[in-house]
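Containing mmCIF, C-alpha atoms and all ligand atoms: input07.cif.
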data_entry
loop_
_atom_site.group_PDB
_atom_site.id
_atom_site.type_symbol
_atom_site.label_atom_id
_atom_site.label_comp_id
_atom_site.auth_asym_id
_atom_site.auth_seq_id
_atom_site.Cartn_x
_atom_site.Cartn_y
_atom_site.Cartn_z
ATOM 1 C CA MET A 1 43.955 37.324 56.156
ATOM 2 C CA LEU A 2 42.209 40.601 55.385
ATOM 3 C CA PRO A 3 42.513 41.604 51.718
ATOM 4 C CA GLU A 4 44.848 44.561 51.159
ATOM 5 C CA LEU A 5 42.725 47.207 49.500
ATOM 6 C CA GLN A 6 44.020 50.411 47.961
ATOM 7 C CA PRO A 7 43.360 53.147 50.563
ATOM 8 C CA LEU A 8 41.138 56.001 49.392
ATOM 9 C CA ILE A 9 41.791 57.786 52.697
ATOM 10 C CA THR A 10 44.870 56.686 54.618
ATOM 11 C CA VAL A 11 45.213 56.179 58.377
ATOM 12 C CA GLU A 12 47.350 59.336 58.574
ATOM 13 C CA ARG A 13 44.810 61.511 56.758
ATOM 14 C CA ILE A 14 42.006 60.185 58.956
ATOM 15 C CA GLN A 15 44.007 60.930 62.122
ATOM 16 C CA GLN A 16 44.828 64.446 60.981
ATOM 17 C CA LYS A 17 41.210 65.179 60.053
ATOM 18 C CA VAL A 18 39.889 63.780 63.345
ATOM 19 C CA ASN A 19 42.259 66.083 65.243
ATOM 20 C CA GLU A 20 41.150 69.096 63.181
ATOM 21 C CA LEU A 21 37.480 68.297 63.785
ATOM 22 C CA GLY A 22 38.197 67.756 67.491
ATOM 23 C CA ASP A 23 39.788 71.221 67.752
ATOM 24 C CA GLN A 24 36.918 72.859 65.878
ATOM 25 C CA ILE A 25 34.263 71.139 68.007
ATOM 26 C CA SER A 26 36.183 71.958 71.220
ATOM 27 C CA ASN A 27 36.066 75.623 70.228
ATOM 28 C CA ASP A 28 32.391 75.584 69.288
ATOM 29 C CA TYR A 29 31.151 73.747 72.390
ATOM 30 C CA LYS A 30 32.870 75.652 75.199
ATOM 31 C CA ASN A 31 30.445 76.052 78.135
ATOM 32 C CA LYS A 32 27.874 73.786 76.476
ATOM 33 C CA ASN A 33 26.313 70.583 77.688
ATOM 34 C CA LEU A 34 27.849 68.322 75.039
ATOM 35 C CA LEU A 35 26.295 64.916 74.381
ATOM 36 C CA CYS A 36 28.040 62.925 71.624
ATOM 37 C CA VAL A 37 25.713 60.388 70.038
ATOM 38 C CA ALA A 38 27.157 57.714 67.752
ATOM 39 C CA ILE A 39 25.068 56.001 65.130
ATOM 40 C CA LEU A 40 25.883 52.295 65.449
ATOM 41 C CA LYS A 41 27.644 50.433 64.152
ATOM 42 C CA GLY A 42 29.597 52.140 61.400
ATOM 43 C CA ALA A 43 30.502 55.277 63.379
ATOM 44 C CA ILE A 44 32.242 53.411 66.226
ATOM 45 C CA PRO A 45 35.914 53.943 65.203
ATOM 46 C CA PHE A 46 35.295 57.570 64.194
ATOM 47 C CA PHE A 47 33.321 58.212 67.391
ATOM 48 C CA ALA A 48 36.031 56.615 69.572
ATOM 49 C CA ASP A 49 38.801 58.696 67.988
ATOM 50 C CA LEU A 50 36.791 61.926 67.785
ATOM 51 C CA ILE A 51 35.661 62.052 71.411
ATOM 52 C CA GLN A 52 39.314 61.674 72.454
ATOM 53 C CA ALA A 53 40.213 64.631 70.231
ATOM 54 C CA ILE A 54 37.580 66.838 71.912
ATOM 55 C CA GLN A 55 39.167 68.642 74.850
ATOM 56 C CA LEU A 56 35.934 69.254 76.786
ATOM 57 C CA PRO A 57 33.792 67.379 79.318
ATOM 58 C CA LEU A 58 31.174 65.409 77.414
ATOM 59 C CA GLU A 59 28.682 62.581 77.684
ATOM 60 C CA THR A 60 28.149 59.751 75.212
ATOM 61 C CA ASP A 61 25.194 57.736 73.996
ATOM 62 C CA PHE A 62 24.283 55.509 71.073
ATOM 63 C CA ILE A 63 21.500 54.852 68.646
ATOM 64 C CA CYS A 64 21.253 52.173 66.013
ATOM 65 C CA VAL A 65 19.491 52.598 62.702
ATOM 66 C CA SER A 66 19.408 50.070 59.898
ATOM 67 C CA SER A 67 18.946 50.989 56.260
ATOM 68 C CA TYR A 68 21.302 48.950 54.028
ATOM 69 C CA GLY A 69 20.949 45.316 55.042
ATOM 70 C CA ASN A 70 23.559 43.351 53.095
ATOM 71 C CA ASP A 71 23.415 45.480 49.971
ATOM 72 C CA THR A 72 25.567 48.296 48.602
ATOM 73 C CA LYS A 73 22.474 50.399 47.891
ATOM 74 C CA SER A 74 20.219 52.047 50.466
ATOM 75 C CA SER A 75 16.922 50.277 51.007
ATOM 76 C CA GLY A 76 15.438 53.773 51.187
ATOM 77 C CA VAL A 77 13.847 52.962 54.523
ATOM 78 C CA ALA A 78 15.526 53.708 57.846
ATOM 79 C CA LYS A 79 14.446 51.880 60.975
ATOM 80 C CA MET A 80 15.390 52.660 64.591
ATOM 81 C CA VAL A 81 16.848 49.495 66.078
ATOM 82 C CA LEU A 82 18.159 50.991 69.346
ATOM 83 C CA ASP A 83 17.149 54.301 70.931
ATOM 84 C CA LEU A 84 19.174 56.559 73.283
ATOM 85 C CA GLY A 85 19.804 55.080 76.705
ATOM 86 C CA HIS A 86 19.500 58.385 78.633
ATOM 87 C CA SER A 87 17.542 61.624 78.520
ATOM 88 C CA ALA A 88 18.877 64.164 76.009
ATOM 89 C CA GLU A 89 16.686 67.007 77.246
ATOM 90 C CA ALA A 90 18.531 70.368 77.349
ATOM 91 C CA LYS A 91 21.736 68.717 76.099
ATOM 92 C CA ASP A 92 23.752 69.913 73.115
ATOM 93 C CA ILE A 93 23.624 66.826 70.929
ATOM 94 C CA LEU A 94 26.391 66.202 68.437
ATOM 95 C CA LEU A 95 25.344 63.332 66.216
ATOM 96 C CA ILE A 96 28.360 61.373 64.966
ATOM 97 C CA GLU A 97 27.932 59.528 61.659
ATOM 98 C CA ASP A 98 30.352 57.594 59.467
ATOM 99 C CA ILE A 99 28.914 58.522 56.084
ATOM 100 C CA VAL A 100 26.044 60.560 54.682
ATOM 101 C CA ASP A 101 24.899 59.454 51.221
ATOM 102 C CA THR A 102 21.285 60.328 50.361
ATOM 103 C CA GLY A 103 20.797 61.887 53.797
ATOM 104 C CA LEU A 104 17.770 59.717 54.481
ATOM 105 C CA THR A 105 19.298 58.109 57.573
ATOM 106 C CA ILE A 106 20.553 61.322 59.117
ATOM 107 C CA ASN A 107 17.260 63.140 58.489
ATOM 108 C CA TYR A 108 15.329 60.268 60.047
ATOM 109 C CA VAL A 109 17.581 60.296 63.137
ATOM 110 C CA LEU A 110 17.431 64.105 63.429
ATOM 111 C CA GLU A 111 13.621 64.038 63.389
ATOM 112 C CA ASN A 112 13.684 61.445 66.153
ATOM 113 C CA LEU A 113 16.225 63.354 68.268
ATOM 114 C CA LYS A 114 14.293 66.625 67.954
ATOM 115 C CA THR A 115 11.453 65.033 69.916
ATOM 116 C CA LYS A 116 13.851 64.611 72.874
ATOM 117 C CA LYS A 117 13.990 68.393 73.393
ATOM 118 C CA PRO A 118 17.765 68.945 73.123
ATOM 119 C CA ALA A 119 19.188 72.456 73.574
ATOM 120 C CA SER A 120 20.855 72.083 70.177
ATOM 121 C CA LEU A 121 21.368 69.428 67.553
ATOM 122 C CA LYS A 122 24.292 69.218 65.125
ATOM 123 C CA VAL A 123 25.826 66.580 62.870
ATOM 124 C CA VAL A 124 29.417 65.567 62.197
ATOM 125 C CA THR A 125 30.141 63.008 59.494
ATOM 126 C CA LEU A 126 33.502 61.587 58.500
ATOM 127 C CA LEU A 127 32.421 61.129 54.876
ATOM 128 C CA LEU A 128 29.920 62.917 52.657
ATOM 129 C CA LYS A 129 28.790 61.625 49.272
ATOM 130 C CA PRO A 130 27.439 63.952 46.590
ATOM 131 C CA GLY A 131 24.029 62.185 46.652
ATOM 132 C CA SER A 132 23.109 64.129 49.770
ATOM 133 C CA LEU A 133 23.402 67.397 47.879
ATOM 134 C CA LYS A 134 20.215 66.494 45.986
ATOM 135 C CA ASN A 135 18.245 66.252 49.203
ATOM 136 C CA ASP A 136 17.684 68.709 52.009
ATOM 137 C CA VAL A 137 20.478 67.597 54.326
ATOM 138 C CA THR A 138 22.261 69.745 56.876
ATOM 139 C CA VAL A 139 25.637 68.475 58.012
ATOM 140 C CA ASP A 140 27.566 70.838 60.293
ATOM 141 C CA TYR A 141 31.017 69.233 60.207
ATOM 142 C CA VAL A 142 32.378 67.136 57.333
ATOM 143 C CA GLY A 143 35.641 65.168 57.288
ATOM 144 C CA PHE A 144 35.957 64.291 53.604
ATOM 145 C CA GLU A 145 33.755 64.643 50.542
ATOM 146 C CA ILE A 146 34.068 61.532 48.384
ATOM 147 C CA GLY A 147 32.612 60.252 45.089
ATOM 148 C CA ASN A 148 29.764 57.813 44.607
ATOM 149 C CA ASP A 149 31.748 54.573 45.017
ATOM 150 C CA PHE A 150 30.823 52.175 47.802
ATOM 151 C CA VAL A 151 33.529 52.404 50.476
ATOM 152 C CA VAL A 152 34.500 50.161 53.384
ATOM 153 C CA GLY A 153 36.843 50.347 56.353
ATOM 154 C CA TYR A 154 37.218 52.471 59.493
ATOM 155 C CA GLY A 155 33.825 51.215 60.660
ATOM 156 C CA LEU A 156 32.135 50.984 57.279
ATOM 157 C CA ASP A 157 31.042 47.498 56.262
ATOM 158 C CA TYR A 158 29.956 45.413 53.354
ATOM 159 C CA ALA A 159 27.684 42.644 54.676
ATOM 160 C CA GLU A 160 29.186 43.265 58.169
ATOM 161 C CA LYS A 161 32.780 42.751 56.966
ATOM 162 C CA TYR A 162 35.730 45.187 56.562
ATOM 163 C CA ARG A 163 34.780 47.359 59.560
ATOM 164 C CA ASN A 164 38.203 46.605 61.081
ATOM 165 C CA LEU A 165 40.267 48.008 58.195
ATOM 166 C CA PRO A 166 42.069 51.031 59.698
ATOM 167 C CA TYR A 167 41.681 53.071 56.472
ATOM 168 C CA VAL A 168 38.837 53.823 54.020
ATOM 169 C CA ALA A 169 38.917 52.002 50.663
ATOM 170 C CA ILE A 170 36.666 51.626 47.635
ATOM 171 C CA LEU A 171 35.299 48.077 47.630
ATOM 172 C CA PRO A 172 36.499 46.413 44.383
ATOM 173 C CA LYS A 173 33.667 45.045 42.214
ATOM 174 C CA GLU A 174 35.132 41.507 42.349
ATOM 175 C CA LEU A 175 34.574 41.452 46.130
ATOM 176 C CA ILE A 176 30.856 42.321 45.845
HETATM 177 P P1 LIG B 1 21.955 57.511 53.527
HETATM 178 O O1 LIG B 1 20.743 57.247 54.353
HETATM 179 O O2 LIG B 1 22.575 58.875 53.763
HETATM 180 O O3 LIG B 1 21.715 57.256 52.069
HETATM 181 O O4 LIG B 1 23.017 56.424 53.908
HETATM 182 C C1 LIG B 1 23.655 56.465 55.127
HETATM 183 C C2 LIG B 1 24.035 55.098 55.596
HETATM 184 O O5 LIG B 1 24.256 54.229 54.494
HETATM 185 C C3 LIG B 1 25.322 55.152 56.350
HETATM 186 O O6 LIG B 1 25.088 55.228 57.719
HETATM 187 C C4 LIG B 1 25.985 53.855 55.971
HETATM 188 O O7 LIG B 1 25.600 52.863 56.881
HETATM 189 C C5 LIG B 1 25.420 53.509 54.627
HETATM 190 N N1 LIG B 1 26.306 53.877 53.505
HETATM 191 C C6 LIG B 1 26.152 54.871 52.592
HETATM 192 N N2 LIG B 1 27.158 54.876 51.711
HETATM 193 C C7 LIG B 1 27.972 53.863 52.081
HETATM 194 C C8 LIG B 1 29.216 53.365 51.561
HETATM 195 O O8 LIG B 1 29.806 53.824 50.572
HETATM 196 N N3 LIG B 1 29.763 52.313 52.239
HETATM 197 C C9 LIG B 1 29.183 51.742 53.323
HETATM 198 N N4 LIG B 1 29.817 50.741 53.877
HETATM 199 N N5 LIG B 1 28.019 52.182 53.823
HETATM 200 C C10 LIG B 1 27.422 53.239 53.209
#

Would you kindly transcribe this structure into structure tokens?
Ligand code: 5GP
Amino acid sequence: MLPELQPLITVERIQQKVNELGDQISNDYKNKNLLCVAILKGAIPFFADLIQAIQLPLETDFICVSSYGNDTKSSGVAKMVLDLGHSAEAKDILLIEDIVDTGLTINYVLENLKTKKPASLKVVTLLLKPGSLKNDVTVDYVGFEIGNDFVVGYGLDYAEKYRNLPYVAILPKELI
């Protein structure tokens, strides 16, 4: 059985926020060439829910970047593991991320995507940690600002586990 963790952000709050973000993005991207790009693997549940909350035609693609390994601290080095499958030229890319902490990952991915000559490039993250405020990170849409604790669930893992929790929870120290 999955352990029952105390939710930091409940299923209901996630759903409500996803709908709000979907409405906002639908407004902002009218008559654009929207390409939603998920950063694998953590963003999968958020990506799946968010694209259904966007009431516009859109395309999807994926990239995979690794930075954490099996640790709760960033290795400080991001590495592209899987690149986009299709051309992004002249598309309005919306990069969909689960969590921005130091901003290293998102900045690395943005630099890479800029080389693909998109018409525009924006970022939506479900969660934002205060660490990113210290660095030069631009995030256009934010679901929730949280503290510095290591969180799991709704796509977020610890050593590849807990991604299937439907809510976001702080990982208790005894489980690390
Ligand atoms: P950054 O490069 O912004 O420091 O970290 C971003 C990446 O680190 C995210 O894509 C995510 O994979 C991972 N990450 C950062 N904070 C957390 C956290 O609290 N929990 C989990 N599971 N992953 C995190």

field: Hits of the PyMOL selection byres (((not hetatm)) within 6 of (chain B and resi 1)) in this structure, as a list in words
entry: Ser74, Ile99, Val100, Asp101, Thr102, Gly103, Leu104, Thr105, Asp149, Phe150, Val151, Val152, Leu156, Asp157 and Tyr158 of chain A

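Take the candidates A:Arg163, A:Lys32, A:Lys79, A:Arg13 and check each one against Val109 of chain A using all atoms listed in the file; the shortest distance goes to A:Lys79.
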
task: Determine the nearest neighbour of Asp28 of chain A from the options A:Val137, A:Ile146, A:Ile9, A:Gln55, counting only C-alpha atoms.
output: A:Gln55

Selection: 12 Å around Lys30 of chain A, all atoms listed in the file, excl. self and same-chain fewer than 2 positions, as a VMD selection string: chain A and resid 23 to 28 32 to 34 54 to 58 92

field: A:Ala53, A:Ile39, A:Ala169, A:Ile63 ranked by distance to Ile96 of chain A, top pick (using all atoms listed in the file)
entry: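 Going through A:Ala53, A:Ile39, A:Ala169, A:Ile63 one by one, the smallest distance to Ile96 of chain A is for A:Ile39.
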
message: Take the PyMOL selection byres (((chain A and resi 19) around 9) and not hetatm), run it mentally on this structure, and tell me the resulting residues as an NGL selection string.
response: :A and (14-18 or 20-24 or 49-50 or 52-54)

All file atoms of segment 44-59 of chain A boxed axis-aligned, 4 Å per side, centre plus edges, as AutoDock Vina command-line options:
--center_x 34.4 --center_y 61.3 --center_z 71.8 --size_x 19.5 --size_y 23.8 --size_z 23.1

task: Mind giving me the straight-line distance from atom CA of Leu128 of chain A to atom CA of Asp98 of chain A in Å, one decimal?
output: 8.7 Å

- request: May I have the residues within 8 Å of segment 114-119 of chain A as a ChimeraX atom specification, using all atoms listed in the file and disregarding those fewer than 4 positions away in the same chain?
  value: /A:87-93,110

field: Residues returned when the PyMOL selection byres (((chain A and resi 85) around 8) and not hetatm) runs on this file, as number ranges by chain
entry: A: 61-62, 83-84, 86-87

field: Of the listed residues A:Leu2, A:Leu8, A:Val123, A:Leu94, that which approaches Gly147 of chain A most closely, counting all atoms listed in the file
entry: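 Residue with the minimum atom-to-atom distance to Gly147 of chain A: A:Leu8.
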
task: Rank nothing, just name the residue among A:Ile170, A:Gly155, A:Gly131, A:Tyr162 nearest to Lys41 of chain A, using only C-alpha atoms.
output: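 Going through A:Ile170, A:Gly155, A:Gly131, A:Tyr162 one by one, the smallest distance to Lys41 of chain A is for A:Gly155.
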
message: Nearest residue to Val142 of chain A out of A:Leu40, A:Leu95, A:Leu171, A:Leu113, using all atoms listed in the file?
response: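 Smallest distance to Val142 of chain A is found for A:Leu95.
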
Atomic separation - atom CA of Pro172 of chain A relative to atom CA of Ala48 of chain A, Å: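 Going from atom CA of Ala48 of chain A over to atom CA of Pro172 of chain A, I get 27.2 Å.
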
field: Shell of 9 Å around Asn107 of chain A, all atoms listed in the file, local chain residues under 5 positions omitted, as a ChimeraX atom specification
entry: /A:112,136-138
